[in-house]
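Structure file input01.cif (mmCIF, C-alpha atoms and all ligand atoms) is printed below.
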```
data_my_file
#
loop_
_atom_site.group_PDB
_atom_site.id
_atom_site.type_symbol
_atom_site.label_atom_id
_atom_site.label_comp_id
_atom_site.auth_asym_id
_atom_site.auth_seq_id
_atom_site.Cartn_x
_atom_site.Cartn_y
_atom_site.Cartn_z
ATOM 1 C CA MET I 1 0.000 0.000 0.000
ATOM 2 C CA PRO I 2 1.409 3.467 -0.838
ATOM 3 C CA ASN I 3 2.325 5.590 2.147
ATOM 4 C CA GLN I 4 -0.335 8.272 2.097
ATOM 5 C CA VAL I 5 1.142 10.629 4.655
ATOM 6 C CA ASN I 6 2.009 13.102 1.915
ATOM 7 C CA GLU I 7 -1.550 13.219 0.675
ATOM 8 C CA ILE I 8 -3.014 14.181 4.031
ATOM 9 C CA ASP I 9 -3.509 17.907 4.550
ATOM 10 C CA LEU I 10 -1.728 18.403 7.871
ATOM 11 C CA THR I 11 -3.461 21.756 8.369
ATOM 12 C CA ARG I 12 -6.897 20.098 8.380
ATOM 13 C CA LEU I 13 -6.420 17.141 10.664
ATOM 14 C CA PRO I 14 -9.286 16.005 12.870
ATOM 15 C CA LYS I 15 -8.510 17.018 16.463
ATOM 16 C CA HIS I 16 -10.153 13.910 17.835
ATOM 17 C CA ILE I 17 -10.386 10.455 16.258
ATOM 18 C CA ALA I 18 -12.387 7.680 17.916
ATOM 19 C CA ILE I 19 -11.979 4.020 16.981
ATOM 20 C CA ILE I 20 -14.154 0.983 17.654
ATOM 21 C CA MET I 21 -11.454 -1.679 17.585
ATOM 22 C CA ASP I 22 -13.491 -4.638 16.408
ATOM 23 C CA GLY I 23 -12.808 -8.043 14.871
ATOM 24 C CA ASN I 24 -10.141 -9.579 17.137
ATOM 25 C CA GLY I 25 -12.155 -12.726 17.786
ATOM 26 C CA ARG I 26 -12.991 -13.411 14.127
ATOM 27 C CA TRP I 27 -9.418 -12.657 13.058
ATOM 28 C CA ALA I 28 -8.192 -15.368 15.430
ATOM 29 C CA THR I 29 -10.845 -18.011 14.735
ATOM 30 C CA GLU I 30 -10.347 -17.557 10.986
ATOM 31 C CA LYS I 31 -6.729 -18.509 11.598
ATOM 32 C CA GLY I 32 -7.685 -21.509 13.714
ATOM 33 C CA HIS I 33 -6.759 -19.930 17.053
ATOM 34 C CA ASP I 34 -8.774 -19.021 20.106
ATOM 35 C CA ARG I 35 -10.237 -15.554 20.488
ATOM 36 C CA LEU I 36 -7.621 -14.426 23.024
ATOM 37 C CA PHE I 37 -4.938 -14.856 20.364
ATOM 38 C CA GLY I 38 -6.772 -12.122 18.444
ATOM 39 C CA HIS I 39 -6.844 -9.841 21.467
ATOM 40 C CA TYR I 40 -3.086 -10.295 21.967
ATOM 41 C CA HIS I 41 -2.468 -9.315 18.355
ATOM 42 C CA GLY I 42 -4.888 -6.417 18.743
ATOM 43 C CA VAL I 43 -2.424 -4.856 21.190
ATOM 44 C CA GLU I 44 0.142 -4.642 18.358
ATOM 45 C CA SER I 45 -2.374 -2.602 16.360
ATOM 46 C CA VAL I 46 -2.988 -0.332 19.339
ATOM 47 C CA ARG I 47 0.731 0.368 19.619
ATOM 48 C CA ASN I 48 1.125 1.009 15.919
ATOM 49 C CA VAL I 49 -1.949 3.228 15.572
ATOM 50 C CA VAL I 50 -1.116 5.262 18.682
ATOM 51 C CA GLU I 51 2.341 5.833 17.232
ATOM 52 C CA GLY I 52 0.811 6.818 13.883
ATOM 53 C CA ALA I 53 -1.591 9.282 15.523
ATOM 54 C CA ALA I 54 1.220 10.841 17.568
ATOM 55 C CA GLU I 55 3.437 11.175 14.488
ATOM 56 C CA LEU I 56 0.707 13.046 12.639
ATOM 57 C CA GLY I 57 0.062 15.365 15.583
ATOM 58 C CA ILE I 58 -3.469 14.197 16.362
ATOM 59 C CA GLN I 59 -4.508 15.714 19.709
ATOM 60 C CA TYR I 60 -7.051 13.147 20.935
ATOM 61 C CA LEU I 61 -7.392 9.472 20.134
ATOM 62 C CA THR I 62 -10.151 7.478 21.808
ATOM 63 C CA LEU I 63 -9.997 3.686 21.613
ATOM 64 C CA TYR I 64 -13.032 1.587 22.498
ATOM 65 C CA ALA I 65 -11.385 -1.387 24.183
ATOM 66 C CA PHE I 66 -14.116 -2.956 26.315
ATOM 67 C CA SER I 67 -17.822 -2.199 26.582
ATOM 68 C CA THR I 68 -20.092 -2.642 29.594
ATOM 69 C CA GLU I 69 -21.866 -5.324 27.509
ATOM 70 C CA ASN I 70 -18.556 -7.175 27.011
ATOM 71 C CA TRP I 71 -18.690 -8.214 30.703
ATOM 72 C CA ASP I 72 -21.322 -10.752 29.571
ATOM 73 C CA ARG I 73 -18.835 -12.654 27.389
ATOM 74 C CA PRO I 74 -17.594 -16.100 28.497
ATOM 75 C CA GLU I 75 -15.657 -15.881 31.749
ATOM 76 C CA ASP I 76 -12.328 -17.069 30.315
ATOM 77 C CA GLU I 77 -12.388 -14.419 27.588
ATOM 78 C CA VAL I 78 -13.165 -11.672 30.124
ATOM 79 C CA SER I 79 -10.438 -12.776 32.546
ATOM 80 C CA GLY I 80 -7.948 -13.164 29.683
ATOM 81 C CA LEU I 81 -8.746 -9.653 28.486
ATOM 82 C CA MET I 82 -8.297 -8.227 31.994
ATOM 83 C CA GLU I 83 -4.948 -9.958 32.344
ATOM 84 C CA LEU I 84 -3.893 -8.565 28.982
ATOM 85 C CA LEU I 85 -4.984 -5.130 30.102
ATOM 86 C CA VAL I 86 -2.834 -5.235 33.241
ATOM 87 C CA GLN I 87 0.213 -6.507 31.326
ATOM 88 C CA THR I 88 -0.208 -3.948 28.566
ATOM 89 C CA ILE I 89 -0.563 -0.983 30.884
ATOM 90 C CA LYS I 90 2.527 -2.062 32.802
ATOM 91 C CA SER I 91 4.661 -2.471 29.699
ATOM 92 C CA GLU I 92 3.369 0.606 27.850
ATOM 93 C CA VAL I 93 3.676 3.341 30.489
ATOM 94 C CA PRO I 94 7.405 3.951 29.781
ATOM 95 C CA VAL I 95 6.608 4.088 26.041
ATOM 96 C CA LEU I 96 3.801 6.584 26.641
ATOM 97 C CA ASN I 97 6.121 8.750 28.725
ATOM 98 C CA LYS I 98 8.871 8.556 26.144
ATOM 99 C CA ASN I 99 6.430 9.762 23.482
ATOM 100 C CA ASN I 100 4.838 12.453 25.677
ATOM 101 C CA ILE I 101 1.437 10.715 25.519
ATOM 102 C CA ARG I 102 -1.083 11.297 28.281
ATOM 103 C CA LEU I 103 -3.420 8.450 29.164
ATOM 104 C CA HIS I 104 -7.057 9.050 30.092
ATOM 105 C CA VAL I 105 -9.806 6.561 30.776
ATOM 106 C CA ILE I 106 -13.574 6.752 30.385
ATOM 107 C CA GLY I 107 -15.989 4.115 31.622
ATOM 108 C CA ASP I 108 -17.225 2.294 34.686
ATOM 109 C CA THR I 109 -13.734 1.425 35.908
ATOM 110 C CA LYS I 110 -15.031 0.368 39.329
ATOM 111 C CA MET I 111 -16.131 -2.821 37.553
ATOM 112 C CA LEU I 112 -12.506 -3.695 36.751
ATOM 113 C CA PRO I 113 -10.632 -6.256 38.867
ATOM 114 C CA GLU I 114 -8.647 -4.566 41.642
ATOM 115 C CA ASN I 115 -5.200 -5.112 40.097
ATOM 116 C CA ALA I 116 -6.320 -3.716 36.730
ATOM 117 C CA PHE I 117 -7.907 -0.703 38.422
ATOM 118 C CA LYS I 118 -4.728 -0.045 40.399
ATOM 119 C CA GLU I 119 -2.434 -0.341 37.381
ATOM 120 C CA LEU I 120 -4.680 2.032 35.539
ATOM 121 C CA GLU I 121 -4.723 4.610 38.335
ATOM 122 C CA ASP I 122 -0.925 4.505 38.465
ATOM 123 C CA ALA I 123 -0.643 4.867 34.692
ATOM 124 C CA LEU I 124 -2.984 7.870 34.701
ATOM 125 C CA LYS I 125 -0.875 9.515 37.395
ATOM 126 C CA GLU I 126 2.450 8.667 35.783
ATOM 127 C CA THR I 127 1.459 10.106 32.402
ATOM 128 C CA SER I 128 -0.493 13.102 33.717
ATOM 129 C CA GLY I 129 2.302 15.580 32.974
ATOM 130 C CA ASN I 130 2.556 14.662 29.292
ATOM 131 C CA THR I 131 1.451 17.274 26.787
ATOM 132 C CA GLY I 132 1.380 15.468 23.427
ATOM 133 C CA LEU I 133 -1.310 13.064 22.237
ATOM 134 C CA ASN I 134 -4.205 12.474 24.638
ATOM 135 C CA LEU I 135 -4.955 8.762 24.503
ATOM 136 C CA VAL I 136 -8.431 8.056 25.850
ATOM 137 C CA MET I 137 -9.170 4.405 26.614
ATOM 138 C CA ALA I 138 -12.870 3.537 26.784
ATOM 139 C CA LEU I 139 -12.888 0.677 29.274
ATOM 140 C CA SER I 140 -16.027 -0.836 30.676
ATOM 141 C CA TYR I 141 -17.643 2.010 28.785
ATOM 142 C CA SER I 142 -21.039 2.398 27.245
ATOM 143 C CA SER I 143 -22.742 5.545 26.174
ATOM 144 C CA ARG I 144 -26.031 4.809 27.904
ATOM 145 C CA TRP I 145 -24.143 4.158 31.163
ATOM 146 C CA GLU I 146 -22.331 7.480 30.715
ATOM 147 C CA ILE I 147 -25.516 9.437 29.957
ATOM 148 C CA LYS I 148 -27.302 7.862 32.943
ATOM 149 C CA GLU I 149 -24.392 8.847 35.216
ATOM 150 C CA ALA I 150 -24.480 12.396 33.852
ATOM 151 C CA ILE I 151 -28.203 12.687 34.482
ATOM 152 C CA LYS I 152 -27.752 11.454 38.068
ATOM 153 C CA LYS I 153 -25.160 14.191 38.663
ATOM 154 C CA ILE I 154 -27.416 16.847 37.120
ATOM 155 C CA ALA I 155 -30.304 15.689 39.343
ATOM 156 C CA LEU I 156 -28.081 15.886 42.449
ATOM 157 C CA ASP I 157 -26.889 19.381 41.485
ATOM 158 C CA ALA I 158 -30.514 20.401 40.959
ATOM 159 C CA ILE I 159 -31.504 19.115 44.421
ATOM 160 C CA GLU I 160 -28.610 21.070 45.937
ATOM 161 C CA GLY I 161 -29.692 24.182 44.015
ATOM 162 C CA LYS I 162 -26.453 24.336 42.002
ATOM 163 C CA ILE I 163 -28.350 24.169 38.727
ATOM 164 C CA LEU I 164 -31.832 25.355 37.786
ATOM 165 C CA PRO I 165 -33.902 23.597 35.091
ATOM 166 C CA GLU I 166 -34.256 26.871 33.164
ATOM 167 C CA ASN I 167 -30.456 27.140 33.024
ATOM 168 C CA ILE I 168 -30.029 23.773 31.332
ATOM 169 C CA LYS I 169 -28.756 24.638 27.868
ATOM 170 C CA ASP I 170 -27.888 22.572 24.786
ATOM 171 C CA HIS I 171 -24.368 22.072 26.041
ATOM 172 C CA THR I 172 -25.086 21.436 29.715
ATOM 173 C CA LEU I 173 -25.113 17.654 29.374
ATOM 174 C CA GLN I 174 -21.706 17.764 27.705
ATOM 175 C CA LYS I 175 -20.207 19.230 30.879
ATOM 176 C CA TYR I 176 -21.400 16.221 32.883
ATOM 177 C CA LEU I 177 -20.123 13.538 30.530
ATOM 178 C CA SER I 178 -16.859 11.682 31.125
ATOM 179 C CA THR I 179 -15.587 13.313 27.919
ATOM 180 C CA LYS I 180 -16.134 16.842 29.278
ATOM 181 C CA ASP I 181 -12.470 17.741 28.806
ATOM 182 C CA PHE I 182 -12.261 16.500 25.222
ATOM 183 C CA PRO I 183 -13.653 17.931 21.984
ATOM 184 C CA ASP I 184 -16.188 15.770 20.120
ATOM 185 C CA PRO I 185 -14.594 13.348 17.647
ATOM 186 C CA GLU I 186 -14.722 14.581 14.050
ATOM 187 C CA LEU I 187 -13.909 11.108 12.746
ATOM 188 C CA MET I 188 -15.086 7.723 14.014
ATOM 189 C CA ILE I 189 -13.561 4.559 12.583
ATOM 190 C CA ARG I 190 -14.944 1.039 13.047
ATOM 191 C CA THR I 191 -12.979 -1.959 11.874
ATOM 192 C CA SER I 192 -14.144 -5.484 10.964
ATOM 193 C CA GLY I 193 -16.997 -4.694 8.590
ATOM 194 C CA GLU I 194 -19.713 -4.058 11.166
ATOM 195 C CA TYR I 195 -21.889 -1.012 10.486
ATOM 196 C CA ARG I 196 -23.058 -0.035 13.934
ATOM 197 C CA ILE I 197 -22.161 2.158 16.883
ATOM 198 C CA SER I 198 -22.570 -0.462 19.660
ATOM 199 C CA ASN I 199 -23.316 2.009 22.454
ATOM 200 C CA PHE I 200 -20.258 4.182 21.793
ATOM 201 C CA MET I 201 -20.286 7.971 22.297
ATOM 202 C CA LEU I 202 -23.881 8.410 21.164
ATOM 203 C CA TYR I 203 -23.935 12.062 22.220
ATOM 204 C CA GLN I 204 -20.407 12.971 21.132
ATOM 205 C CA LEU I 205 -20.676 11.478 17.633
ATOM 206 C CA ALA I 206 -23.598 13.731 16.634
ATOM 207 C CA TYR I 207 -21.648 15.256 13.720
ATOM 208 C CA ALA I 208 -18.736 12.850 13.383
ATOM 209 C CA GLU I 209 -17.815 11.504 9.975
ATOM 210 C CA LEU I 210 -18.130 7.715 10.096
ATOM 211 C CA TYR I 211 -15.591 5.469 8.411
ATOM 212 C CA PHE I 212 -16.095 1.716 8.190
ATOM 213 C CA THR I 213 -13.479 -0.723 6.987
ATOM 214 C CA PRO I 214 -13.662 -4.514 6.580
ATOM 215 C CA THR I 215 -10.101 -4.797 7.982
ATOM 216 C CA ARG I 216 -10.103 -6.720 11.258
ATOM 217 C CA TRP I 217 -8.519 -4.781 14.121
ATOM 218 C CA PRO I 218 -5.348 -6.972 14.399
ATOM 219 C CA ASP I 219 -4.573 -6.129 10.744
ATOM 220 C CA PHE I 220 -5.193 -2.388 11.133
ATOM 221 C CA ARG I 221 -2.038 -0.238 10.991
ATOM 222 C CA LYS I 222 -1.069 3.432 10.899
ATOM 223 C CA GLU I 223 -1.313 3.360 7.069
ATOM 224 C CA ASP I 224 -4.994 2.427 7.468
ATOM 225 C CA LEU I 225 -5.429 5.306 9.906
ATOM 226 C CA ARG I 226 -3.938 7.673 7.339
ATOM 227 C CA LYS I 227 -6.259 6.281 4.700
ATOM 228 C CA ALA I 228 -9.247 7.003 6.951
ATOM 229 C CA ILE I 229 -8.026 10.560 7.598
ATOM 230 C CA PHE I 230 -7.526 11.093 3.876
ATOM 231 C CA ASP I 231 -11.089 9.872 3.238
ATOM 232 C CA TYR I 232 -12.371 12.220 5.970
ATOM 233 C CA GLN I 233 -10.628 15.161 4.311
ATOM 234 C CA GLN I 234 -12.490 14.535 1.036
ATOM 235 C CA ARG I 235 -15.865 15.022 2.714
ATOM 236 C CA GLU I 236 -17.882 18.184 3.033
ATOM 237 C CA ARG I 237 -19.088 18.686 6.591
ATOM 238 C CA ARG I 238 -22.228 20.787 6.311
ATOM 239 C CA PHE I 239 -23.617 20.808 9.882
ATOM 240 C CA GLY I 240 -27.128 21.262 8.506
ATOM 241 C CA LYS I 241 -26.254 24.107 6.141
ATOM 242 C CA ILE I 242 -26.009 23.941 2.356
ATOM 243 C CA SER I 243 -22.876 23.693 0.293
ATOM 244 C CA GLU I 244 -23.077 27.262 -1.119
ATOM 245 C CA GLN I 245 -23.200 28.735 2.389
ATOM 246 C CA LEU I 246 -20.041 26.891 3.358
ATOM 247 C CA GLN I 247 -18.269 28.086 0.234
ATOM 248 C CA SER I 248 -19.166 31.731 0.825
ATOM 249 C CA GLU I 249 -18.145 31.445 4.488
ATOM 250 C CA HIS I 250 -14.849 29.993 3.339
ATOM 251 C CA ALA I 251 -14.375 32.778 0.783
ATOM 252 C CA SER I 252 -14.972 35.495 3.396
ATOM 253 C CA LEU I 253 -12.301 34.118 5.730
HETATM 254 C C1 LIG L 1 -13.052 -6.374 19.658
HETATM 255 O O1 LIG L 1 -13.008 -7.591 19.002
HETATM 256 C C2 LIG L 1 -12.439 -6.410 21.031
HETATM 257 C C3 LIG L 1 -13.411 -6.418 22.127
HETATM 258 C C4 LIG L 1 -14.691 -6.213 22.023
HETATM 259 C C5 LIG L 1 -12.879 -6.636 23.465
HETATM 260 P P1 LIG L 1 -14.093 -8.701 19.264
HETATM 261 O O2 LIG L 1 -13.667 -9.521 20.425
HETATM 262 O O3 LIG L 1 -15.458 -8.117 19.371
HETATM 263 O O4 LIG L 1 -13.986 -9.573 17.942
HETATM 264 P P2 LIG L 1 -15.170 -10.109 17.034
HETATM 265 O O5 LIG L 1 -16.037 -8.936 16.703
HETATM 266 O O6 LIG L 1 -15.896 -11.130 17.846
HETATM 267 O O7 LIG L 1 -14.504 -10.675 15.843
HETATM 268 C C1 LIG L 2 -17.837 -3.065 20.430
HETATM 269 O O1 LIG L 2 -17.573 -4.308 19.852
HETATM 270 C C2 LIG L 2 -17.025 -2.890 21.658
HETATM 271 C C3 LIG L 2 -15.590 -2.845 21.460
HETATM 272 C C4 LIG L 2 -14.941 -2.861 20.332
HETATM 273 C C5 LIG L 2 -14.825 -2.717 22.657
HETATM 274 P P1 LIG L 2 -18.512 -5.562 20.103
HETATM 275 O O2 LIG L 2 -17.937 -6.671 19.316
HETATM 276 O O3 LIG L 2 -18.705 -5.792 21.552
HETATM 277 O O4 LIG L 2 -19.898 -5.063 19.482
HETATM 278 P P2 LIG L 2 -21.116 -5.862 18.882
HETATM 279 O O5 LIG L 2 -21.527 -6.850 19.933
HETATM 280 O O6 LIG L 2 -20.647 -6.556 17.649
HETATM 281 O O7 LIG L 2 -22.149 -4.839 18.582
HETATM 282 MG MG MG L 3 -16.857 -7.611 17.994
#
```
Could you write out this file's structure as structure tokens?
Amino acid sequence: MPNQVNEIDLTRLPKHIAIIMDGNGRWATEKGHDRLFGHYHGVESVRNVVEGAAELGIQYLTLYAFSTENWDRPEDEVSGLMELLVQTIKSEVPVLNKNNIRLHVIGDTKMLPENAFKELEDALKETSGNTGLNLVMALSYSSRWEIKEAIKKIALDAIEGKILPENIKDHTLQKYLSTKDFPDPELMIRTSGEYRISNFMLYQLAYAELYFTPTRWPDFRKEDLRKAIFDYQQRERRFGKISEQLQSEHASL
């Protein structure tokens, strides 16, 4: 595949890219291995894509690694994934620090086994001073869980008189979401040929460009990320307006 880095307009990069890393299990079973083999290889893709995003100067990269619904998978797959998580965090923290990458996490992390939770807390602390790429891991995350949590907090603030119903604006909910410190993703990528959102950032993806690829996650590399960004840059984002309006706005800049 040609290296497409030269074709990407570096002045018009998405600030935030979100990825549903899907297809590990099928990738492995198609090769005659068990599903965990696919998850292990998926970590290679994470490394490579994070590196690719950092090289391009992307500011935020969110990776959907484990959903709240994924807890219902067979026990051995869940425990294998948790073990992989602990190992990966441990081995990657020095790499993140070396590359000035700050780790964030969104999701119901209280559900994680104690050792995974602890490793994660340490990794968040140890990378908190980094100022390059913000790597957001969605772990034990689902959008409906996140929205429910936000509404609970709004209700509590209302009871305490900190917020009045008439002061709830379009963007109020955003301030209560776990993504409150991050801009909305402009580009959302899903691998493995599935065309759905699977409870991921339902609020934040309102105007994201969606990019679907049949490539299974363990085969996805930084070149594929660049291809997705290139595709994104060919699109016209209208936000409800019409093309002529956008062109005249552009001309008056
Ligand atoms: C994505 O791959 C990783 C997780 C959800 C943890 P899958 O495990 O969903 O792989 P497929 O979709 O079954 O192939
Ligand atoms: C979505 O993938 C969650 C992650 C990639 C972490 P799933 O494989 O769980 O989604 P469905 O079940 O195919 O919708
Ligand atoms: Mg899947």
Closest pair table for chain I residues within 10 Å of ligand MG 3 (chain L), all atoms listed in the file, as CSV:
```
residue,atom,partner,partner_atom,distance
I:Ile20,CA,L:MG3,MG,9.0
I:Met21,CA,L:MG3,MG,8.0
I:Asp22,CA,L:MG3,MG,4.8
I:Gly23,CA,L:MG3,MG,5.1
I:Asn24,CA,L:MG3,MG,7.1
I:Gly25,CA,L:MG3,MG,7.0
I:Arg26,CA,L:MG3,MG,8.0
I:Phe66,CA,L:MG3,MG,9.9
I:Asn70,CA,L:MG3,MG,9.2
I:Thr191,CA,L:MG3,MG,9.2
I:Ser192,CA,L:MG3,MG,7.8
I:Gly193,CA,L:MG3,MG,9.8
I:Glu194,CA,L:MG3,MG,8.2
I:Ser198,CA,L:MG3,MG,9.3
I:Arg216,CA,L:MG3,MG,9.6
I:Trp217,CA,L:MG3,MG,9.6
```
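Between Glu51 of chain I and the residues I:Ser243, I:Thr172, I:Asn100, I:Gln234, the shortest atom-to-atom distance, using only C-alpha atoms, involves I:Asn100.
Omitting Glu121 of chain I and its sequence neighbours fewer than 6 positions away, and counting all atoms listed in the file, the residues within 12 Å are Val86, Ile89, Lys90, Val93, Leu103, His104, Val105, Thr109, Lys110, Leu112, Glu114, Asn115, Thr127 and Ser128 of chain I.
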Response to the item:
Of I:Asp231, I:Glu69, I:Glu30, I:Glu126, the one nearest to ligand LIG 2 (chain L) when counting only C-alpha atoms and all ligand atoms is I:Glu69
Where is the centre and how long are the edges: axis-aligned box on ligand LIG 2 (chain L), 8 Å on each side, Å to one decimal, as lines of an AutoDock Vina configuration file:
```
center_x = -18.5
center_y = -4.8
center_z = 20.2
size_x = 23.3
size_y = 20.1
size_z = 21.0
```
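The closest residue to Ser45 of chain I, picked from I:Ala251, I:Leu13, I:Met82, I:Leu63 and counting only C-alpha atoms, is I:Leu63.
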